[in-house]
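Here's the structure, in structure tokens; my notes come after.
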Amino acid sequence: MGAKVPRNFRLLEELEKGEKGLGAEACSYGLADSDDLMMTNWNGTILGPPHSAHENRIYSVNIHCDSNYPDQPPTIQFVSRINLPCVDKKTGKVDPSKLPCLAHWKRDYTMETILIELRRYMALPQHKKLPQPPEGTTF
Amino acid sequence: MALPKRIIKETERLMAEPVPGISAVPHEDNLRYFDVSIHGPSQSPYEGGIFKLELFLPEDYPMTPPKIRFLTKIYHPNIDKLGRICLDVLKSNWSPALQIRTILLSIQALLGAPNPDDPLANDVAQRWKEDQEAAIQTAREWTKTHAMT
């Protein structure tokens with residue numbers, strides 16, 4: 001087992017990766033408040049996967065990394081309205097028990113891991129045709 | 001997880017012969033992760049302030065430099081809003097012959113000698129160049145507000 005990167009330095013690495021746009025094309029993320037030394041709140045976006053009801057839509061999510069991150073997963077809440085089994089219909093919160101990367105969280109997973117998995121989840125055969133709320137509406 | 005001898009030696013020396021105005025204490029549960037405090041140098045706008053930092057020795061230290069940032073808000077042209085530091089020895093001029101001790105001394109020296117021509121915080125650097133007196137005054141006020149509590 002190697003050196004264990006502490007929370008803040010891990011978040012700085014993720015921030016730099018996000019700022020340089022080195023991540024996956026269809027997802028992005030950044031600090032919600034660029035002054036926040038504790039780097040707790042983040043904004044993420046997911047470009048809806050092609051050949052699905054989400055195609056050409058851009059979904060915003062709030063990501064909250066508390067002091068236990070990355071030992072524990074962050075909490076994720078959709079800002080854009082979406083109809084998905086892992087997303088609470090009233091609040092937009094992602095149910096961690098329903099998204100495998102949150103349910104079986106590993107310390108080397110990142111915010112990008114979650115955004116990519118959410119996008120993949122949207123594209124699953126059983127999810128991709130689900131009727132969606134009007135584009136641009138929010139929770 | 002075995003800690004390299006080099007890190008153990010550096011830590012022991014930091015404890016046994018601390019540098020005046022600087023302290024670095026490893027976390028009990030992560031001996032590569034240090035709580036650092038640096039006293040603002042005298043005759044600088046940071047005088048009287050105690051600045052908290054965090055330092056982490058990555059897996060391949062000392063082949064790569066330590067990671068370090070301020071946890072106390074500071075108004076300085078080479079330190080950004082997230083406490084990240086622009087200092088050559090932390091980047092291209094790092095050498096494995098340098099140590100935690102020398103890096104912390106370099107940071108303390110940087111507080112005494114801000115370098116607005118190699119800025120990280122552009123807005124601060126610009127103000128530093130345009131109106132140095134006012135910038136220094138702001139740095140003093142921030143020291144009072146954030147580093148003296």
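Quick note on naming: the chains in the structure tokens go A, B, ... in the order shown, residues restart at 1 in each chain, and ligands are numbered from 1 in order of appearance.
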Would you pick out the contacts of A:Pro85 at 10 Å or less, using only C-alpha atoms, so that residues sharing its chain but fewer than 3 positions from it are not included, and give the list as an mmCIF file with C-alpha atoms, in the first residue's frame?
```cif
data_model
loop_
_atom_site.group_PDB
_atom_site.id
_atom_site.type_symbol
_atom_site.label_atom_id
_atom_site.label_comp_id
_atom_site.auth_asym_id
_atom_site.auth_seq_id
_atom_site.Cartn_x
_atom_site.Cartn_y
_atom_site.Cartn_z
ATOM 1 C CA ILE A 82 -34.311 14.164 -14.265
ATOM 2 C CA ASP A 88 -35.083 11.162 -5.572
ATOM 3 C CA LYS A 89 -38.124 12.554 -7.395
ATOM 4 C CA VAL A 94 -28.810 10.484 -5.662
ATOM 5 C CA ASP A 95 -29.537 7.391 -3.563
ATOM 6 C CA LYS A 98 -28.652 2.510 -6.075
ATOM 7 C CA LEU A 99 -25.504 3.646 -7.832
ATOM 8 C CA TYR A 121 -26.554 4.728 -15.780
ATOM 9 C CA MET A 122 -28.652 7.116 -17.898
ATOM 10 C CA HIS A 127 -33.244 3.763 -18.309
ATOM 11 C CA LEU A 130 -37.650 6.795 -19.467
#
```
query = Can you tell me, as an MDAnalysis selection string, what residues are no more than 10 Å from A:Lys128 when counting only C-alpha atoms, ignoring any on the same chain fewer than 4 positions away?
reply = chainID A and resid 48:55 84 120:124 132
request  = When you get a sec, could you note down which chain B residues fall within 8 Å of chain A, using only C-alpha atoms, as a ChimeraX atom specification?
outcome  = /B:1,30,32-33,56,58-59,67,71,81-83
Can I get the selection written as a compact mmCIF listing (two decimals), in the first residue's frame, with N, CA, C and O atoms?
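Final file, out09.txt:
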```
# COMPACT_ATOMS: atom_id res chain seq x y z
N MET B 1 2.53 -0.27 6.33
CA MET B 1 3.19 0.59 5.32
C MET B 1 4.48 1.14 5.92
O MET B 1 4.46 1.92 6.87
N ASN B 30 -1.13 9.43 9.63
CA ASN B 30 -0.51 9.53 8.30
C ASN B 30 0.80 10.29 8.45
O ASN B 30 0.81 11.52 8.50
N ARG B 32 3.10 10.90 6.53
CA ARG B 32 3.54 11.72 5.41
C ARG B 32 2.80 13.06 5.35
O ARG B 32 3.01 13.86 4.44
N TYR B 33 1.90 13.26 6.29
CA TYR B 33 1.02 14.43 6.27
C TYR B 33 1.30 15.26 7.51
O TYR B 33 1.15 14.77 8.63
N PHE B 56 2.31 17.49 2.45
CA PHE B 56 2.19 16.06 2.20
C PHE B 56 3.38 15.59 1.37
O PHE B 56 3.75 16.22 0.38
N PRO B 58 4.54 13.03 -1.14
CA PRO B 58 3.96 12.02 -2.03
C PRO B 58 4.78 10.73 -2.05
O PRO B 58 5.91 10.70 -1.58
N GLU B 59 4.18 9.72 -2.61
CA GLU B 59 4.78 8.38 -2.70
C GLU B 59 6.25 8.43 -3.14
O GLU B 59 7.10 7.77 -2.56
N LYS B 67 4.07 18.38 -1.36
CA LYS B 67 2.92 19.23 -1.71
C LYS B 67 2.60 20.05 -0.47
O LYS B 67 2.58 19.52 0.63
N LEU B 71 -3.35 27.09 4.85
CA LEU B 71 -4.72 26.91 5.33
C LEU B 71 -5.25 28.20 5.92
O LEU B 71 -6.45 28.34 6.15
N LYS B 81 -5.99 31.96 -3.83
CA LYS B 81 -7.12 31.94 -2.90
C LYS B 81 -7.28 30.60 -2.20
O LYS B 81 -7.89 30.51 -1.15
N LEU B 82 -6.74 29.54 -2.82
CA LEU B 82 -6.84 28.23 -2.20
C LEU B 82 -5.57 27.88 -1.41
O LEU B 82 -5.39 26.74 -0.98
N GLY B 83 -4.68 28.88 -1.25
CA GLY B 83 -3.49 28.65 -0.45
C GLY B 83 -2.34 28.00 -1.21
O GLY B 83 -1.32 27.67 -0.61
```
message = Considering only strand (DSSP E) as DSSP defines it on the backbone, what residues of stretch 36-137 of chain B qualify? List them as an MDAnalysis selection string.
response = chainID B and resid 36:39 50:56 67:70
task = Rounded to one decimal place, report the atom CA of B:Thr72-atom CA of B:Gln43 distance in Å.
result =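 According to the coordinates, atom CA of B:Thr72 and atom CA of B:Gln43 are separated by 19.6 Å.
Residues of chain A that DSSP places in alpha helix (DSSP H), based on the backbone of this structure, are Arg7, Asn8, Phe9, Arg10, Leu11, Leu12, Glu13, Glu14, Leu15, Glu16, Lys17, Gly18, Glu19, Pro100, Cys101, Leu102, Ala103, Met111, Glu112, Thr113, Ile114, Leu115, Ile116, Glu117, Leu118, Arg119, Arg120, Tyr121 and Met122 of chain A.
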Create the file for the chosen residues now, containing N, CA and C atoms and written as a CSV table (one decimal), in the first residue's frame.
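Okay, this is what ended up in part37.csv:
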```csv
chain,number,residue,atom,x,y,z
A,7,ARG,N,-7.2,14.2,2.1
A,7,ARG,CA,-8.4,14.8,1.5
A,7,ARG,C,-8.1,16.1,0.7
A,8,ASN,N,-7.4,17.1,1.3
A,8,ASN,CA,-7.3,18.4,0.6
A,8,ASN,C,-6.4,18.3,-0.6
A,9,PHE,N,-5.3,17.5,-0.5
A,9,PHE,CA,-4.4,17.3,-1.6
A,9,PHE,C,-5.1,16.5,-2.7
A,10,ARG,N,-5.9,15.6,-2.3
A,10,ARG,CA,-6.7,14.8,-3.3
A,10,ARG,C,-7.6,15.8,-4.1
A,11,LEU,N,-8.3,16.6,-3.3
A,11,LEU,CA,-9.3,17.6,-4.0
A,11,LEU,C,-8.5,18.6,-4.9
A,12,LEU,N,-7.3,19.0,-4.4
A,12,LEU,CA,-6.5,19.9,-5.3
A,12,LEU,C,-6.2,19.2,-6.6
A,13,GLU,N,-5.8,17.9,-6.5
A,13,GLU,CA,-5.5,17.1,-7.7
A,13,GLU,C,-6.7,17.1,-8.7
A,14,GLU,N,-7.9,16.8,-8.1
A,14,GLU,CA,-9.1,16.7,-8.9
A,14,GLU,C,-9.4,18.1,-9.5
A,15,LEU,N,-9.2,19.1,-8.7
A,15,LEU,CA,-9.5,20.5,-9.2
A,15,LEU,C,-8.6,20.8,-10.4
A,16,GLU,N,-7.3,20.5,-10.3
A,16,GLU,CA,-6.4,20.8,-11.4
A,16,GLU,C,-6.7,20.0,-12.6
A,17,LYS,N,-7.1,18.7,-12.4
A,17,LYS,CA,-7.5,17.9,-13.6
A,17,LYS,C,-8.8,18.5,-14.2
A,18,GLY,N,-9.7,18.9,-13.4
A,18,GLY,CA,-10.9,19.5,-13.9
A,18,GLY,C,-10.7,20.8,-14.6
A,19,GLU,N,-9.8,21.7,-14.0
A,19,GLU,CA,-9.5,23.0,-14.6
A,19,GLU,C,-8.8,22.8,-16.0
A,100,PRO,N,-23.9,1.8,-8.2
A,100,PRO,CA,-22.8,0.9,-7.7
A,100,PRO,C,-21.5,1.6,-7.2
A,101,CYS,N,-21.1,2.7,-7.9
A,101,CYS,CA,-19.8,3.3,-7.4
A,101,CYS,C,-19.9,3.9,-6.1
A,102,LEU,N,-21.1,4.4,-5.7
A,102,LEU,CA,-21.3,4.9,-4.4
A,102,LEU,C,-21.6,3.8,-3.4
A,103,ALA,N,-22.3,2.8,-3.8
A,103,ALA,CA,-22.6,1.7,-2.8
A,103,ALA,C,-21.4,0.9,-2.5
A,111,MET,N,-14.6,12.3,-8.2
A,111,MET,CA,-15.9,12.9,-8.6
A,111,MET,C,-16.1,12.5,-10.1
A,112,GLU,N,-15.1,12.5,-10.8
A,112,GLU,CA,-15.2,12.1,-12.2
A,112,GLU,C,-15.8,10.7,-12.4
A,113,THR,N,-15.3,9.8,-11.6
A,113,THR,CA,-15.8,8.4,-11.6
A,113,THR,C,-17.3,8.4,-11.5
A,114,ILE,N,-17.8,9.2,-10.5
A,114,ILE,CA,-19.3,9.3,-10.3
A,114,ILE,C,-20.0,9.8,-11.5
A,115,LEU,N,-19.5,11.0,-12.0
A,115,LEU,CA,-20.2,11.6,-13.1
A,115,LEU,C,-20.3,10.7,-14.3
A,116,ILE,N,-19.2,10.0,-14.6
A,116,ILE,CA,-19.1,9.0,-15.7
A,116,ILE,C,-20.1,7.9,-15.5
A,117,GLU,N,-20.2,7.4,-14.2
A,117,GLU,CA,-21.1,6.3,-13.9
A,117,GLU,C,-22.5,6.8,-14.0
A,118,LEU,N,-22.8,8.0,-13.6
A,118,LEU,CA,-24.2,8.5,-13.7
A,118,LEU,C,-24.6,8.5,-15.2
A,119,ARG,N,-23.6,9.0,-16.0
A,119,ARG,CA,-23.9,9.1,-17.4
A,119,ARG,C,-24.2,7.7,-18.0
A,120,ARG,N,-23.4,6.7,-17.6
A,120,ARG,CA,-23.6,5.3,-18.1
A,120,ARG,C,-24.9,4.8,-17.6
A,121,TYR,N,-25.3,5.2,-16.4
A,121,TYR,CA,-26.6,4.7,-15.8
A,121,TYR,C,-27.7,5.3,-16.6
A,122,MET,N,-27.6,6.5,-17.1
A,122,MET,CA,-28.7,7.1,-17.9
A,122,MET,C,-28.8,6.3,-19.2
```
Within 12 Å of A:Lys93 using only C-alpha atoms, minus same-chain residues under 5 positions, as JSON, numbers by chain = {"A": [61, 62, 63, 64, 74, 75, 76, 77, 78, 79, 80, 81, 82, 83, 84, 85, 86, 87, 88, 98, 99, 139]}
The selected residues should be written to file as an mmCIF file, in the first residue's frame (atoms: N, CA, C and O atoms).
```
data_model
loop_
_atom_site.group_PDB
_atom_site.id
_atom_site.type_symbol
_atom_site.label_atom_id
_atom_site.label_comp_id
_atom_site.auth_asym_id
_atom_site.auth_seq_id
_atom_site.Cartn_x
_atom_site.Cartn_y
_atom_site.Cartn_z
ATOM 1 N N VAL A 61 -25.258 18.971 -11.485
ATOM 2 C CA VAL A 61 -25.376 18.334 -10.171
ATOM 3 C C VAL A 61 -24.528 19.101 -9.157
ATOM 4 O O VAL A 61 -23.527 19.734 -9.521
ATOM 5 N N ASN A 62 -24.966 19.061 -7.907
ATOM 6 C CA ASN A 62 -24.138 19.566 -6.809
ATOM 7 C C ASN A 62 -23.438 18.377 -6.170
ATOM 8 O O ASN A 62 -24.059 17.335 -5.939
ATOM 9 N N ILE A 63 -22.165 18.572 -5.877
ATOM 10 C CA ILE A 63 -21.379 17.513 -5.237
ATOM 11 C C ILE A 63 -20.868 18.078 -3.920
ATOM 12 O O ILE A 63 -20.265 19.158 -3.902
ATOM 13 N N HIS A 64 -21.119 17.369 -2.848
ATOM 14 C CA HIS A 64 -20.717 17.850 -1.526
ATOM 15 C C HIS A 64 -19.673 16.877 -0.950
ATOM 16 O O HIS A 64 -19.987 15.717 -0.674
ATOM 17 N N PRO A 74 -18.779 11.344 -1.754
ATOM 18 C CA PRO A 74 -19.487 12.617 -1.577
ATOM 19 C C PRO A 74 -20.995 12.388 -1.733
ATOM 20 O O PRO A 74 -21.416 11.318 -2.162
ATOM 21 N N THR A 75 -21.788 13.397 -1.376
ATOM 22 C CA THR A 75 -23.222 13.305 -1.680
ATOM 23 C C THR A 75 -23.482 14.085 -2.969
ATOM 24 O O THR A 75 -22.863 15.112 -3.234
ATOM 25 N N ILE A 76 -24.411 13.536 -3.754
ATOM 26 C CA ILE A 76 -24.680 14.084 -5.083
ATOM 27 C C ILE A 76 -26.153 14.458 -5.154
ATOM 28 O O ILE A 76 -27.015 13.688 -4.718
ATOM 29 N N GLN A 77 -26.408 15.631 -5.697
ATOM 30 C CA GLN A 77 -27.788 16.073 -5.860
ATOM 31 C C GLN A 77 -27.945 16.715 -7.237
ATOM 32 O O GLN A 77 -27.186 17.626 -7.589
ATOM 33 N N PHE A 78 -28.921 16.226 -7.981
ATOM 34 C CA PHE A 78 -29.186 16.836 -9.286
ATOM 35 C C PHE A 78 -29.833 18.205 -9.104
ATOM 36 O O PHE A 78 -30.720 18.374 -8.266
ATOM 37 N N VAL A 79 -29.363 19.177 -9.869
ATOM 38 C CA VAL A 79 -30.014 20.483 -9.920
ATOM 39 C C VAL A 79 -31.046 20.440 -11.050
ATOM 40 O O VAL A 79 -32.186 20.852 -10.894
ATOM 41 N N SER A 80 -30.625 19.901 -12.186
ATOM 42 C CA SER A 80 -31.549 19.745 -13.317
ATOM 43 C C SER A 80 -32.503 18.597 -13.018
ATOM 44 O O SER A 80 -32.084 17.559 -12.506
ATOM 45 N N ARG A 81 -33.770 18.823 -13.350
ATOM 46 C CA ARG A 81 -34.732 17.741 -13.150
ATOM 47 C C ARG A 81 -34.413 16.572 -14.062
ATOM 48 O O ARG A 81 -34.073 16.743 -15.233
ATOM 49 N N ILE A 82 -34.566 15.373 -13.481
ATOM 50 C CA ILE A 82 -34.311 14.164 -14.265
ATOM 51 C C ILE A 82 -35.139 13.034 -13.671
ATOM 52 O O ILE A 82 -35.405 13.027 -12.461
ATOM 53 N N ASN A 83 -35.576 12.132 -14.531
ATOM 54 C CA ASN A 83 -36.317 10.955 -14.070
ATOM 55 C C ASN A 83 -35.418 9.732 -14.200
ATOM 56 O O ASN A 83 -35.195 9.221 -15.287
ATOM 57 N N LEU A 84 -34.877 9.314 -13.056
ATOM 58 C CA LEU A 84 -33.978 8.156 -13.012
ATOM 59 C C LEU A 84 -34.230 7.439 -11.695
ATOM 60 O O LEU A 84 -34.411 8.101 -10.669
ATOM 61 N N PRO A 85 -34.181 6.095 -11.697
ATOM 62 C CA PRO A 85 -34.466 5.377 -10.450
ATOM 63 C C PRO A 85 -33.524 5.721 -9.288
ATOM 64 O O PRO A 85 -33.934 5.641 -8.132
ATOM 65 N N CYS A 86 -32.288 6.136 -9.571
ATOM 66 C CA CYS A 86 -31.373 6.416 -8.453
ATOM 67 C C CYS A 86 -31.512 7.851 -7.937
ATOM 68 O O CYS A 86 -30.826 8.244 -7.006
ATOM 69 N N VAL A 87 -32.395 8.640 -8.547
ATOM 70 C CA VAL A 87 -32.534 10.050 -8.161
ATOM 71 C C VAL A 87 -33.887 10.277 -7.495
ATOM 72 O O VAL A 87 -34.928 9.921 -8.055
ATOM 73 N N ASP A 88 -33.850 10.867 -6.302
ATOM 74 C CA ASP A 88 -35.083 11.162 -5.572
ATOM 75 C C ASP A 88 -35.943 12.136 -6.383
ATOM 76 O O ASP A 88 -35.467 13.172 -6.839
ATOM 77 N N LYS A 98 -28.213 2.915 -4.735
ATOM 78 C CA LYS A 98 -28.652 2.510 -6.075
ATOM 79 C C LYS A 98 -27.623 2.753 -7.173
ATOM 80 O O LYS A 98 -27.843 2.377 -8.327
ATOM 81 N N LEU A 99 -26.541 3.427 -6.815
ATOM 82 C CA LEU A 99 -25.504 3.646 -7.832
ATOM 83 C C LEU A 99 -24.272 2.857 -7.380
ATOM 84 O O LEU A 99 -23.695 3.144 -6.340
ATOM 85 N N PHE A 139 -34.822 21.095 -9.816
ATOM 86 C CA PHE A 139 -35.423 20.595 -8.565
ATOM 87 C C PHE A 139 -35.625 21.747 -7.587
ATOM 88 O O PHE A 139 -34.862 22.709 -7.608
#
```
note = atom CA of B:Asn122 to atom CA of B:Leu105 measures 24.0 Å
For A:Leu47: contacts at 9 Å, only C-alpha atoms, fewer than 5 positions along chain excluded, given as a list in words = Glu25, Ala26, Cys27, Ser28, His54, Glu55, Asn56, Arg57, Ile58, Tyr59 and Arg119 of chain A
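Across B:Thr145, B:Ser106, B:Thr11, B:Gln126, the tightest approach to B:Phe34 is made by B:Thr11 when counting only C-alpha atoms.
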key: Distance query A:Asp71 at most 8 Å, only C-alpha atoms, self and fewer than 2 positions along chain excluded, as a list of chain:residue names   =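 That gives A:Asn68, A:Tyr69, A:Pro73, A:Lys106, A:Arg107.
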query = Can you tell me, as a list of chain:residue names, what residues are no more than 10 Å from B:Gln99 when counting only C-alpha atoms, ignoring any on the same chain fewer than 3 positions away?
reply =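 Final neighbour list, sorted by chain and number: B:Arg6, B:Ile7, B:Glu10, B:Tyr61, B:Pro62, B:Pro65, B:Pro66, B:Trp94, B:Ser95, B:Pro96, B:Thr102, B:Ile103, B:Leu104, B:Leu105.
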message = as a list in words, please: the residues near B:Glu54 (cut-off 6 Å, only C-alpha atoms, same-chain neighbours under 4 positions excluded).
response =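 Everything that qualifies: Phe34, Asp35, Val36, Ile68 and Arg69 of chain B.
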